[in-house]
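Q: The structure that follows is given in the form of structure tokens.
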Amino acid sequence: MTHPILSATNLTKTYGSTQALVDVSLQVYPGESVAIMGPSGSGKTTLMHCLSGILVPDTGKVHLTIVNNAATDITQLNEEQRAQLRREHLGFVFQDGLLLPELTAQENTALPLMLSGVPRNTAETQARNWLSALGLDGLYNRRLGQLSGGQAQRVAIARAQIAEPSVVFADEPTGALDSETSETVLTALLDSTVSRGRALVLVTHDESVAARCQRLIHVSDGRIISDSADTSGATR
């Protein structure tokens, strides 16, 4: 039986009188793509942020199992430790890409490795390899303003993948794209993640995007109201 790479147990998170998460538990497995859907304010983004260590839940645990290592309880790490864990073991793709406009595609992609101490030449070589694999060969030196929306999102995917993360989190990664470009970007995201044995956790409003994932979780009022998989992992 495959063990979960990410496991959340009884997560709660409250903002004032609003309960963003209420006793949420789930497991995510290597090579699995999971779409989280729900209306605005349902708690889906808060859930993603707690799973990735951007936020710490009020109560509950989040364990990340890195290959050949014991599970790490993210909730017990301090802010600096969580930032290092995200930089080295997690990838992120956001709706607006969050690329740095003053950097080239190659420099944006290489940045996570350079922040972790990898020499610039080595980091940029790996960046070019990823950009080429995502169909951006020859665009290495273009800045954000010289790229289309779809090209910019593929740079963001390359940046998310370059550190060989265990889990990639994507928050509305196709939300600002037309349908044709969305399909291209989503295919690139799935191919570069799931096909390599990594887990993908994707938040989306788009049912057609969610349908491309292996598993669909619906969230409402801070609770998981449906999950298309057996969260016990018995089917794996």
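Chain labels follow the order of the structure tokens: the first chain is A, the next B, and so on; residue numbering restarts at 1 in every chain, and ligands are counted from 1 in their shown order.
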So that I can see what lies close to range 183-193 of chain A, please list as a PyMOL selection string the residues with an atom at most 10 Å from it, counting only C-alpha atoms and leaving out residues fewer than 6 positions away in the same chain.

A: chain A and resi 30-33+91+93+130+133-135+149-154+156-158+160-161+164-168+170+173-174+177+199-200+208-209+212-213

Q: Restricting the output to C-alpha atoms, write the selected residues as a JSON list (two decimals), in the first residue's frame.

A:
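What follows is the written file result-v7.json:
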[["chain", "number", "residue", "atom", "x", "y", "z"],
["A", 30, "PRO", "CA", 2.45, 10.42, -4.49],
["A", 31, "GLY", "CA", 1.48, 10.72, -8.14],
["A", 32, "GLU", "CA", -2.03, 11.89, -7.27],
["A", 33, "SER", "CA", -3.75, 14.99, -8.65],
["A", 91, "GLY", "CA", 6.22, 24.00, -5.45],
["A", 93, "VAL", "CA", 1.77, 28.02, -9.08],
["A", 130, "TRP", "CA", 12.84, 22.92, -17.53],
["A", 133, "ALA", "CA", 10.75, 20.74, -21.51],
["A", 134, "LEU", "CA", 7.72, 23.02, -21.18],
["A", 135, "GLY", "CA", 7.94, 24.28, -24.75],
["A", 149, "GLY", "CA", -0.18, 34.72, -20.48],
["A", 150, "GLY", "CA", 0.23, 31.05, -21.27],
["A", 151, "GLN", "CA", 3.99, 31.35, -21.66],
["A", 152, "ALA", "CA", 4.26, 33.19, -18.33],
["A", 153, "GLN", "CA", 2.30, 30.46, -16.56],
["A", 154, "ARG", "CA", 4.58, 27.81, -18.01],
["A", 156, "ALA", "CA", 5.74, 29.70, -13.26],
["A", 157, "ILE", "CA", 5.34, 25.93, -13.60],
["A", 158, "ALA", "CA", 9.04, 25.56, -14.42],
["A", 160, "ALA", "CA", 7.62, 25.42, -9.20],
["A", 161, "GLN", "CA", 9.21, 22.22, -10.49],
["A", 164, "GLU", "CA", 12.04, 18.64, -7.59],
["A", 165, "PRO", "CA", 9.28, 19.22, -5.02],
["A", 166, "SER", "CA", 7.35, 16.44, -3.35],
["A", 167, "VAL", "CA", 4.05, 18.32, -3.71],
["A", 168, "VAL", "CA", 3.01, 21.12, -6.07],
["A", 170, "ALA", "CA", -1.67, 25.38, -7.66],
["A", 173, "PRO", "CA", -3.49, 28.31, -12.20],
["A", 174, "THR", "CA", -5.64, 28.79, -15.32],
["A", 177, "LEU", "CA", -6.35, 32.29, -19.28],
["A", 199, "ALA", "CA", 1.46, 15.07, -5.92],
["A", 200, "LEU", "CA", -0.59, 17.99, -7.24],
["A", 208, "SER", "CA", -13.38, 21.40, -16.63],
["A", 209, "VAL", "CA", -10.04, 21.91, -14.87],
["A", 212, "ARG", "CA", -8.66, 16.61, -15.44],
["A", 213, "CYS", "CA", -7.60, 15.62, -11.92]]

Q: Would you kindly return, as a VMD selection string, each protein, DNA or RNA residue with an atom no farther than 7 Å from any atom of Glu172 in chain A, considering only C-alpha atoms and excluding same-chain residues fewer than 6 positions away?

A: chain A and resid 94 to 95 203 to 204

Q: Quick check, in Å to one decimal: how far apart do CA of His205 in chain A and CA of Pro39 in chain A lie?

A: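 One can read the CA of His205 in chain A to CA of Pro39 in chain A distance as 7.5 Å.
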
Q: Could you check the closest approach to Glu207 in chain A for each of A:Ala70, A:Ile36, A:Leu136, A:Val56 and tell me which residue wins, using only C-alpha atoms?

A: A:Ile36

Q: Quick one: pick out all alpha helix (DSSP H) residues within chain A from a backbone DSSP run and write them as a short mmCIF file (atom, residue, chain, number, x, y, z; two decimals) with C-alpha atoms, in the first residue's frame.

A:
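Output contents, as saved in states.cif:
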data_model
loop_
_atom_site.label_atom_id
_atom_site.label_comp_id
_atom_site.auth_asym_id
_atom_site.auth_seq_id
_atom_site.Cartn_x
_atom_site.Cartn_y
_atom_site.Cartn_z
CA LYS A 44 -10.52 25.95 0.05
CA THR A 45 -7.66 28.45 -0.16
CA THR A 46 -7.20 28.42 3.61
CA LEU A 47 -6.99 24.64 3.42
CA MET A 48 -4.32 24.82 0.73
CA HIS A 49 -2.36 27.38 2.75
CA CYS A 50 -2.48 25.19 5.86
CA LEU A 51 -1.44 22.10 3.90
CA GLU A 79 8.15 30.48 10.27
CA GLU A 80 11.74 30.27 9.06
CA GLN A 81 11.68 26.46 9.06
CA ARG A 82 8.40 26.40 7.14
CA ALA A 83 9.82 28.82 4.57
CA GLN A 84 12.83 26.57 4.07
CA LEU A 85 10.61 23.50 3.73
CA ARG A 86 8.47 25.25 1.10
CA ARG A 87 11.55 26.38 -0.80
CA GLU A 88 13.16 22.93 -0.85
CA HIS A 89 10.26 20.47 -0.97
CA ALA A 105 12.22 33.66 -17.73
CA GLN A 106 15.48 31.83 -17.02
CA GLU A 107 16.24 33.93 -13.92
CA ASN A 108 12.70 33.57 -12.54
CA THR A 109 12.90 29.80 -12.96
CA ALA A 110 16.36 29.52 -11.42
CA LEU A 111 15.52 31.69 -8.41
CA PRO A 112 14.38 28.93 -5.98
CA LEU A 113 17.62 27.02 -6.48
CA MET A 114 19.75 30.13 -6.09
CA LEU A 115 17.94 31.02 -2.85
CA ARG A 120 24.02 30.52 -10.50
CA ASN A 121 25.42 28.66 -13.52
CA THR A 122 24.08 25.33 -12.27
CA ALA A 123 20.68 26.83 -11.41
CA GLU A 124 20.34 28.52 -14.80
CA THR A 125 21.32 25.35 -16.65
CA GLN A 126 18.55 23.47 -14.85
CA ALA A 127 16.19 26.38 -15.54
CA ARG A 128 16.85 26.16 -19.28
CA ASN A 129 16.22 22.41 -19.18
CA TRP A 130 12.84 22.92 -17.53
CA LEU A 131 11.84 25.79 -19.81
CA SER A 132 12.74 23.71 -22.85
CA ALA A 133 10.75 20.74 -21.51
CA GLY A 149 -0.18 34.72 -20.48
CA GLY A 150 0.23 31.05 -21.27
CA GLN A 151 3.99 31.35 -21.66
CA ALA A 152 4.26 33.19 -18.33
CA GLN A 153 2.30 30.46 -16.56
CA ARG A 154 4.58 27.81 -18.01
CA VAL A 155 7.53 29.78 -16.62
CA ALA A 156 5.74 29.70 -13.26
CA ILE A 157 5.34 25.93 -13.60
CA ALA A 158 9.04 25.56 -14.42
CA ARG A 159 9.90 27.61 -11.34
CA ALA A 160 7.62 25.42 -9.20
CA GLN A 161 9.21 22.22 -10.49
CA SER A 179 -9.87 28.03 -22.68
CA GLU A 180 -7.30 26.95 -25.28
CA THR A 181 -4.35 28.35 -23.35
CA SER A 182 -5.81 26.92 -20.14
CA GLU A 183 -5.76 23.44 -21.64
CA THR A 184 -2.12 23.83 -22.69
CA VAL A 185 -1.03 25.09 -19.28
CA LEU A 186 -3.00 22.43 -17.38
CA THR A 187 -1.51 19.66 -19.51
CA ALA A 188 1.97 21.03 -18.83
CA LEU A 189 1.24 21.17 -15.10
CA LEU A 190 -0.07 17.60 -14.95
CA ASP A 191 2.69 16.19 -17.14
CA SER A 192 5.43 17.84 -15.11
CA THR A 193 3.95 16.75 -11.77
CA GLU A 207 -15.20 22.21 -13.39
CA SER A 208 -13.38 21.40 -16.63
CA VAL A 209 -10.04 21.91 -14.87
CA ALA A 210 -11.14 19.80 -11.90
#

Q: Find the residues around Leu216 in chain A up to 8 Å (only C-alpha atoms counted), leave out those fewer than 6 positions away in its own chain, and share them as a list in words.

A: Val34, Ala35, Ile36, Met37, Ala210, Asp227, Ser228 and Ala229 of chain A

Q: Rank nothing, just name the residue among A:Gly41, A:Leu144, A:Ser52, A:His3 nearest to Leu100 in chain A, using only C-alpha atoms.

A: A:Leu144

Q: Taking the backbone alone, and naming residues the way the document does, which bits of range 58-213 of chain A are strand (DSSP E) by DSSP, as a ChimeraX atom specification?

A: /A:59-65,71-73,90-94,167-171,199-203

Q: May I have the residues from that selection written out with C-alpha atoms, as a PDB file, in the first residue's frame?

A:
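As a result, part-v6.pdb now contains:
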ATOM      1  CA  THR A  59      -5.557  23.060  15.894  1.00  0.00           C
ATOM      2  CA  GLY A  60      -4.686  19.882  14.017  1.00  0.00           C
ATOM      3  CA  LYS A  61      -1.602  18.438  12.357  1.00  0.00           C
ATOM      4  CA  VAL A  62      -0.123  18.435   8.845  1.00  0.00           C
ATOM      5  CA  HIS A  63       2.543  15.829   8.087  1.00  0.00           C
ATOM      6  CA  LEU A  64       4.732  15.891   4.970  1.00  0.00           C
ATOM      7  CA  THR A  65       6.670  12.742   4.148  1.00  0.00           C
ATOM      8  CA  ALA A  71       7.049  12.465   8.296  1.00  0.00           C
ATOM      9  CA  THR A  72       7.580  16.077   9.329  1.00  0.00           C
ATOM     10  CA  ASP A  73       4.837  17.844  11.272  1.00  0.00           C
ATOM     11  CA  LEU A  90       7.111  22.226  -2.209  1.00  0.00           C
ATOM     12  CA  GLY A  91       6.220  24.000  -5.449  1.00  0.00           C
ATOM     13  CA  PHE A  92       3.650  26.753  -6.030  1.00  0.00           C
ATOM     14  CA  VAL A  93       1.774  28.018  -9.079  1.00  0.00           C
ATOM     15  CA  PHE A  94      -0.604  30.950  -8.596  1.00  0.00           C
ATOM     16  CA  VAL A 167       4.047  18.316  -3.714  1.00  0.00           C
ATOM     17  CA  VAL A 168       3.008  21.116  -6.066  1.00  0.00           C
ATOM     18  CA  PHE A 169       0.210  23.465  -4.980  1.00  0.00           C
ATOM     19  CA  ALA A 170      -1.675  25.381  -7.665  1.00  0.00           C
ATOM     20  CA  ASP A 171      -4.181  28.132  -6.822  1.00  0.00           C
ATOM     21  CA  ALA A 199       1.464  15.071  -5.925  1.00  0.00           C
ATOM     22  CA  LEU A 200      -0.585  17.990  -7.243  1.00  0.00           C
ATOM     23  CA  VAL A 201      -3.081  19.853  -5.066  1.00  0.00           C
ATOM     24  CA  LEU A 202      -5.082  22.285  -7.188  1.00  0.00           C
ATOM     25  CA  VAL A 203      -7.690  24.853  -6.121  1.00  0.00           C
TER      26      VAL A 203
END

Q: Excluding Gln146 in chain A and any residue of its chain fewer than 6 positions from it, enumerate the residues within 12 Å of it, using only C-alpha atoms, and give them as a list in words.

A: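 Those residues are Pro101, Glu102, Leu103, Thr104, Ala105, Leu139, Tyr140 and Ala152 of chain A.
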
Q: List the neighbours of Ala20 in chain A out to 8 Å using only C-alpha atoms; skip same-chain residues closer than 2 positions along the sequence, and give me the result as a list of chain:residue names.

A: A:Thr12, A:Lys13, A:Thr14, A:Tyr15, A:Thr18, A:Val22, A:Gly41, A:Ser42, A:Gly43, A:Thr46, A:Asp221, A:Gly222

Q: How about saving the chosen residues, C-alpha atoms kept, as a short mmCIF file (atom, residue, chain, number, x, y, z; two decimals), in the first residue's frame?

A:
data_model
loop_
_atom_site.label_atom_id
_atom_site.label_comp_id
_atom_site.auth_asym_id
_atom_site.auth_seq_id
_atom_site.Cartn_x
_atom_site.Cartn_y
_atom_site.Cartn_z
CA THR A 12 -9.38 24.05 12.30
CA LYS A 13 -8.77 27.70 11.47
CA THR A 14 -10.79 30.68 12.68
CA TYR A 15 -10.69 34.34 11.68
CA THR A 18 -15.60 33.04 11.00
CA VAL A 22 -13.73 22.91 10.73
CA GLY A 41 -15.33 31.83 1.23
CA SER A 42 -15.71 28.06 1.50
CA GLY A 43 -12.25 27.59 3.00
CA THR A 46 -7.20 28.42 3.61
CA ASP A 221 -18.34 26.35 5.10
CA GLY A 222 -14.91 25.11 6.08
#
